[in-house]
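Chemist: Take this structure first; my questions come after.
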Amino acid sequence: KQDQQFQGALRLKLGADKRLTVINEIPVEAYLTSVISSEMSATADTELLKAHAVISRSWLLAQMKDWKRPRVKSEPKIEIVNGEQQLIRWYDQEAHTDFDVCADDHCQRYQGITKATSPVVFDAIQATFGRVLTFNGELCDARFSKSCGGMTESFDAAWADERFSYLAVSYDGEAFPAEFALPLTEEANAERWIRSSPPAYCNTTDPKVLGKILPDFDQATRDFYRWRLTLAQAELQELLQRKLGIEFGRISKLEPVERGESGRLVKLRIVGERTQLTIGKELEIRRALSPSHLYSSAFVIETAGNDANAPASFTLIGAGWGHGVGLCQIGAALMAERGFRFEQILAHYYHGSQLSAFYKTTP
């Protein structure tokens with residue numbers, strides 16, 4: 001729980017279900033002051049905060065109705081594809097009908113002006129005032145996640161089947177390590193990558209660095225780059241029934257069906273004694289296998305127990321924190337720590353993009 005204070009106005013809306021929606025109306029630049037202090041710590045390096053101001057501004061404006069590109073919506077229903085049941089869905093902005101963006105990780109963290117505890121935050125906003133990323137003259141939908149796990153992912157692995165050149169897959173470092181093989185869409189390559197700890201900008205557990213860049217509640221873990229989770233058979237059955245509304249019975253297999261170019265699972269087959277179902281995309285997989293959601297869908301699966309029809313437990317060995325598309329926040333933070341300027345950080349994560357003045361400071 002947090003005590004939060006806000007600038008601007010509050011608008012209260014009573015819904016048909018008699019629930020109250022509280023909407024904060026605030027100018028873009030004031031909103032961004034809170035966002036870059038909520039997504040990262042206000043004590044982070046100035047160049048990181050500048051980079052985050054630019055991408056948060058770009059992403060926000062790209063979601064506004066005047067500039068939003070038409071998108072194919074997800075249809076949350078089970079379909080039969082090649083004789084198999086499939087549930088392929090993604091979560092974007094279509095749910096926000098009464099307001100532009102929400103205040104949590106589904107959009108951008110917005111936790112009030114009290115998060116902006118350093119003058120560096122206000123300097124970063126002023127230094128980048130009105131500046132956005134563009135590609136071929138259009139606003140960039142500048143997505144970002146906490147840790148890419150060493151490889152960023154493509155937009156279509158997480159959302160609609162649409163590709164953006166500036167959100168192409170790339171290694172989060174200077175040169176892809178020679179001891180690993182591409183593409184990570186191939187199971188053997190993905191498994192070797194995920195089970196190892198390759199060098200990358202975001203590969204750090206340094207508490208001093210993480211304490212400087214991450215909000216307090218994000219520091220509860222140090223295993224965002226590589227992680228491990230074990231689910232007992234009964235726990236997995238209960239999760240799937242609660243999250244998907246399907247009674248699978250005893251689970252015999254969790255099978256990778258399709259991976260994105262970062263090694264993240266885009267489709268996963270769940271085989272139970274009563275039914276089987278292939279689910280995707282990445283957030284639906286993460287949502288189904290955790291009480292909240294998994295760090296990422298870049299994982300391989302181990303089983304324990306002698307019963308092949310119902311292993312006693314399933315262990316997920318994973319990489320990264322989030323969808324991995326666009327800027328890797330921890331990777332960008334380490335780049336800033338090493339002396340990269342915010343323009344270089346943006347160029348590393350948003351390929352071929354341009355910094356543009358969307359609007360200018362008023363006199």
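Simple scheme: letters A, B, ... for chains in structure tokens order, numbers from 1 for residues in each chain, numbers from 1 for ligands in the order shown.
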Excluding same-chain residues fewer than 2 positions from Ile36 (chain A), what lies within 10 Å of it counting only C-alpha atoms, as a PyMOL selection string?

Modeler: chain A and resi 31-34+38-42+44+48-57+108-111+115-116+121-122+124-125

Chemist: Quick one: everything within 9 Å of Asp172 (chain A), counting only C-alpha atoms, minus sequence neighbours fewer than 5 positions away in the same chain. Send it as an MDAnalysis selection string.

Modeler: chainID A and resid 148:152 199:202 328 331 348:349

Chemist: Would you save the residues of that selection, restricted to C-alpha atoms, as a compact mmCIF listing (two decimals), in the first residue's frame?

Modeler:
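File part-v7.txt, as written:
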```
# COMPACT_ATOMS: atom_id res chain seq x y z
CA CYS A 148 14.61 -8.59 -21.82
CA GLY A 149 16.75 -11.48 -20.52
CA GLY A 150 19.45 -10.71 -23.07
CA MET A 151 17.26 -10.58 -26.21
CA THR A 152 14.50 -8.12 -27.02
CA PRO A 199 26.57 -11.59 -20.91
CA ALA A 200 24.20 -8.69 -21.65
CA TYR A 201 23.58 -5.16 -20.47
CA CYS A 202 20.69 -6.36 -18.30
CA CYS A 328 14.90 -3.12 -21.64
CA GLY A 331 19.68 -2.91 -19.75
CA HIS A 348 20.05 0.72 -29.40
CA TYR A 349 16.48 -0.34 -28.60
```

Chemist: From the DSSP assignment of the backbone, select every residue of region 118-362 of chain A that is strand (DSSP E), and format the answer as number ranges by chain.

Modeler: A: 131-135, 138-139, 144-145, 226-232, 251-259, 265-272, 276-280, 299-304, 313-319, 327-328, 354-357

Chemist: List the spatial neighbours of region 13-26 of chain A as JSON, numbers by chain - criterion: any atom at most 10 Å away, only C-alpha atoms, same-chain residues fewer than 2 positions off excluded.

Modeler: {"A": [6, 7, 8, 9, 10, 11, 28, 29, 30, 31, 32, 98, 99, 100, 101, 102, 103, 112]}
